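Beneath this line is the structure, given in structure tokens, with notes to follow.
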Amino acid sequence: MTANIDETIESNLDTVRQRIATAVTRDGRTADGVKLVAVTKYAQDEWVASLCRLHPVLGENRPQQLASRAPQYPSAEWHLIGQLQRNKVRMALPHCHTIHSVDSWRLLDRIQLIADELQVRPQLLLEVNVSGEPAKAGFKLDELHNDADRLDAYKSLHIVGLMGMAPAGDAEHARPYFQSLRELRDSLARQTGLSLPELSMGMSGDFEVAIEEGATIVRVGSRLFEGLGYRD
Ligand SMILES: *Cc1c(COP(=O)(O)O)cnc(C)c1O
């Protein structure tokens, strides 16, 4: 049986959009307050082509794959959601509308240097290791809280908020991690005077809970490709 790619993706996209719209109203906002980043990291090229006709915002977790796909689908707004090594900044930066995975001061320094040189200003989100798991990337919660003054040095960059990932588990289990990311955002905004409007949190398994806790951007991959043999 061959699935019709366009139809399958369109129907998955509809479902996800409806679930976003419902979750948003529970938080007292309107649906256009949440941006859906469709994550294509494991998607085949023809799925990306199909998705791209249906949805304007796409995300990749590997800089290399983003740099190769973004020029093929220039109508999309491309987001980098996965780890960015300092030696990949120059390659990735020209293609990124938003980088979700800024996980260290050294990376910020590097981005500042290259962004000046290339005259680009992608939106940046600081990734926070909300679960505290040593294997996970991101600033430590208290590191960012205690060193908030250091953000002053990056005024020329476009830092718009925070990104975080809950540990594996069911969606309710994720809730306190999303809450702590939102609380950190609120306190950082107070401390620094930066406005930090964006909270990137929530994936296929937990995006509704993330929205209830204030997510403004959700990153959804596998749910969009259900029925096509997507590997997870
Ligand atoms: C893969 C990935 C996602 C999407 O995960 P799904 O469970 O497939 O929706 C979101 N964020 C990051 C950082 C990812 O690497």
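Every chain in the structure tokens has a letter given in the order shown (A, B, ...), and although residue numbers restart at 1 in each chain, ligands are simply numbered from 1 in the order shown.
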Quick one: residues within 8 Å of Arg62 (chain A), only C-alpha atoms, excluding same-chain residues fewer than 3 positions away - as a ChimeraX atom specification? /A:41,65-66,80-84
Take the residues from that selection and write them out as a CSV table (one decimal), in the first residue's frame, keeping N, CA and C atoms.
```csv
chain,number,residue,atom,x,y,z
A,41,LYS,N,13.7,16.6,10.4
A,41,LYS,CA,15.0,16.0,10.5
A,41,LYS,C,15.1,14.5,9.9
A,65,GLN,N,22.3,19.6,7.4
A,65,GLN,CA,21.1,19.3,6.7
A,65,GLN,C,20.2,20.6,6.4
A,66,LEU,N,20.3,21.5,7.4
A,66,LEU,CA,19.6,22.8,7.2
A,66,LEU,C,20.2,23.6,6.1
A,80,LEU,N,16.8,26.4,13.1
A,80,LEU,CA,17.7,25.4,13.6
A,80,LEU,C,17.4,25.0,15.0
A,81,ILE,N,17.1,23.7,15.3
A,81,ILE,CA,16.6,23.4,16.6
A,81,ILE,C,17.6,22.5,17.4
A,82,GLY,N,18.7,22.0,16.7
A,82,GLY,CA,19.6,21.1,17.3
A,82,GLY,C,21.0,21.7,17.5
A,83,GLN,N,21.9,21.0,18.1
A,83,GLN,CA,23.1,21.5,18.6
A,83,GLN,C,24.0,22.2,17.4
A,84,LEU,N,24.5,23.3,17.7
A,84,LEU,CA,25.3,24.1,16.8
A,84,LEU,C,26.7,24.2,17.3
```
Set out as CSV a contact list for chain A and ligand 1 with a cut-off of 10 Å, giving each residue of chain A that qualifies its closest atom pair and distance in Å to one decimal, counting only C-alpha atoms and all ligand atoms, ordered by chain and rising residue number.
```
residue,atom,partner,partner_atom_place_in_ligand_line,distance
A:Val37,CA,ligand 1,10 (C),8.6
A:Ala38,CA,ligand 1,4 (C),8.0
A:Val39,CA,ligand 1,4 (C),5.6
A:Thr40,CA,ligand 1,1 (C),8.0
A:Lys41,CA,ligand 1,1 (C),6.5
A:Tyr42,CA,ligand 1,1 (C),8.1
A:Gly59,CA,ligand 1,10 (C),8.4
A:Glu60,CA,ligand 1,15 (O),7.6
A:Asn61,CA,ligand 1,15 (O),5.3
A:Arg62,CA,ligand 1,15 (O),8.6
A:Leu80,CA,ligand 1,13 (C),8.5
A:Ile81,CA,ligand 1,13 (C),4.8
A:Gly82,CA,ligand 1,13 (C),5.1
A:Gln83,CA,ligand 1,13 (C),8.2
A:His100,CA,ligand 1,13 (C),7.9
A:Ser101,CA,ligand 1,13 (C),7.7
A:Glu127,CA,ligand 1,13 (C),9.6
A:Met163,CA,ligand 1,13 (C),8.9
A:Gly164,CA,ligand 1,13 (C),8.3
A:Met165,CA,ligand 1,13 (C),7.2
A:Ala168,CA,ligand 1,7 (O),9.8
A:Ser200,CA,ligand 1,11 (N),9.0
A:Met201,CA,ligand 1,11 (N),8.0
A:Gly202,CA,ligand 1,10 (C),7.3
A:Met203,CA,ligand 1,9 (O),4.2
A:Ser204,CA,ligand 1,9 (O),3.6
A:Gly205,CA,ligand 1,7 (O),6.1
A:Asp206,CA,ligand 1,7 (O),8.5
A:Phe207,CA,ligand 1,9 (O),8.5
A:Val218,CA,ligand 1,10 (C),7.8
A:Arg219,CA,ligand 1,10 (C),4.6
A:Val220,CA,ligand 1,9 (O),3.7
A:Gly221,CA,ligand 1,8 (O),3.6
A:Ser222,CA,ligand 1,8 (O),3.7
A:Arg223,CA,ligand 1,9 (O),6.0
A:Leu224,CA,ligand 1,9 (O),7.9
A:Phe225,CA,ligand 1,8 (O),8.9
A:Glu226,CA,ligand 1,8 (O),10.0
A:Tyr230,CA,ligand 1,8 (O),9.2
A:Arg231,CA,ligand 1,8 (O),9.0
A:Asp232,CA,ligand 1,8 (O),6.6
```
If you run DSSP on the backbone, which residues of region 27-200 of chain A are alpha helix (DSSP H), as a PyMOL selection string? chain A and resi 45-54+63-69+89-92+105-118+141-146+171-192
Among listed residues A:Ala49, A:Thr98, A:Arg90, A:Gly227, nearest Pro74 (chain A) (using only C-alpha atoms):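 The shortest atom-to-atom distance to Pro74 (chain A) comes from A:Ala49.
Compared by their closest atoms to Asp170 (chain A), and using only C-alpha atoms, the residues A:Ser195, A:Val209, A:Cys52, A:Ala23 rank with A:Val209 nearest.
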Would you tabulate, counting only C-alpha atoms, all residues of region 100-148 of chain A that have an atom at most 10 Å from an atom of region 178-182 of chain A, showing the closest pair of atoms and their distance in Å to one decimal, sorted by chain then ascending number, as a Markdown table?
```
| residue | atom | partner | partner_atom | distance |
| --- | --- | --- | --- | --- |
| A:Glu127 | CA | A:Leu181 | CA | 9.8 |
| A:Val128 | CA | A:Leu181 | CA | 7.6 |
| A:Asn129 | CA | A:Leu181 | CA | 9.1 |
| A:Val130 | CA | A:Leu181 | CA | 6.7 |
| A:Ser131 | CA | A:Ser180 | CA | 9.6 |
| A:Leu141 | CA | A:Leu181 | CA | 8.2 |
```
Convert the current residue selection to file output with all heavy atoms, as a PDB file, in the first residue's frame.
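Ended up saving to again05.pdb:
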```
ATOM      1  N   GLU A 127      18.976  27.947  24.857  1.00  0.00           N
ATOM      2  CA  GLU A 127      18.497  26.618  25.261  1.00  0.00           C
ATOM      3  C   GLU A 127      18.854  26.366  26.719  1.00  0.00           C
ATOM      4  O   GLU A 127      20.001  26.554  27.140  1.00  0.00           O
ATOM      5  CB  GLU A 127      19.124  25.527  24.383  1.00  0.00           C
ATOM      6  CG  GLU A 127      18.642  24.137  24.776  1.00  0.00           C
ATOM      7  CD  GLU A 127      19.119  23.036  23.838  1.00  0.00           C
ATOM      8  OE1 GLU A 127      19.770  23.346  22.819  1.00  0.00           O
ATOM      9  OE2 GLU A 127      18.826  21.871  24.140  1.00  0.00           O
ATOM     10  N   VAL A 128      17.874  25.943  27.478  1.00  0.00           N
ATOM     11  CA  VAL A 128      18.073  25.699  28.905  1.00  0.00           C
ATOM     12  C   VAL A 128      17.896  24.212  29.181  1.00  0.00           C
ATOM     13  O   VAL A 128      16.938  23.590  28.708  1.00  0.00           O
ATOM     14  CB  VAL A 128      17.053  26.514  29.738  1.00  0.00           C
ATOM     15  CG1 VAL A 128      17.266  26.265  31.221  1.00  0.00           C
ATOM     16  CG2 VAL A 128      17.168  27.998  29.417  1.00  0.00           C
ATOM     17  N   ASN A 129      18.814  23.652  29.954  1.00  0.00           N
ATOM     18  CA  ASN A 129      18.718  22.242  30.330  1.00  0.00           C
ATOM     19  C   ASN A 129      17.762  22.121  31.520  1.00  0.00           C
ATOM     20  O   ASN A 129      18.189  22.012  32.664  1.00  0.00           O
ATOM     21  CB  ASN A 129      20.118  21.714  30.666  1.00  0.00           C
ATOM     22  CG  ASN A 129      20.110  20.237  31.003  1.00  0.00           C
ATOM     23  OD1 ASN A 129      19.051  19.615  31.102  1.00  0.00           O
ATOM     24  ND2 ASN A 129      21.291  19.670  31.194  1.00  0.00           N
ATOM     25  N   VAL A 130      16.476  22.157  31.219  1.00  0.00           N
ATOM     26  CA  VAL A 130      15.479  22.200  32.298  1.00  0.00           C
ATOM     27  C   VAL A 130      15.406  20.910  33.107  1.00  0.00           C
ATOM     28  O   VAL A 130      14.989  20.916  34.259  1.00  0.00           O
ATOM     29  CB  VAL A 130      14.047  22.526  31.783  1.00  0.00           C
ATOM     30  CG1 VAL A 130      13.884  24.001  31.531  1.00  0.00           C
ATOM     31  CG2 VAL A 130      13.679  21.717  30.564  1.00  0.00           C
ATOM     32  N   SER A 131      15.796  19.799  32.490  1.00  0.00           N
ATOM     33  CA  SER A 131      15.688  18.525  33.204  1.00  0.00           C
ATOM     34  C   SER A 131      16.905  18.280  34.083  1.00  0.00           C
ATOM     35  O   SER A 131      16.882  17.425  34.957  1.00  0.00           O
ATOM     36  CB  SER A 131      15.549  17.376  32.203  1.00  0.00           C
ATOM     37  OG  SER A 131      16.768  17.194  31.502  1.00  0.00           O
ATOM     38  N   LEU A 141      19.813  26.010  34.626  1.00  0.00           N
ATOM     39  CA  LEU A 141      18.805  26.979  35.079  1.00  0.00           C
ATOM     40  C   LEU A 141      19.427  28.077  35.944  1.00  0.00           C
ATOM     41  O   LEU A 141      19.238  29.266  35.695  1.00  0.00           O
ATOM     42  CB  LEU A 141      17.727  26.276  35.911  1.00  0.00           C
ATOM     43  CG  LEU A 141      16.569  25.596  35.176  1.00  0.00           C
ATOM     44  CD1 LEU A 141      15.832  24.668  36.125  1.00  0.00           C
ATOM     45  CD2 LEU A 141      15.608  26.621  34.596  1.00  0.00           C
TER      46      LEU A 141
END
```
Spatial neighbours of Arg150 (chain A), max dist 12 Å, only C-alpha atoms, sep filter under 5 positions, as number ranges by chain: A: 104-106, 108-109, 143-145, 155, 188, 191-192
CA of His97 (chain A) to CA of Leu194 (chain A), distance in Å rounded to a single decimal: 19.7 Å
Pick the closest to Ala115 (chain A) from A:Ala67, A:Asn4, A:Cys96, A:Ala210: which is it, counting only C-alpha atoms? A:Cys96
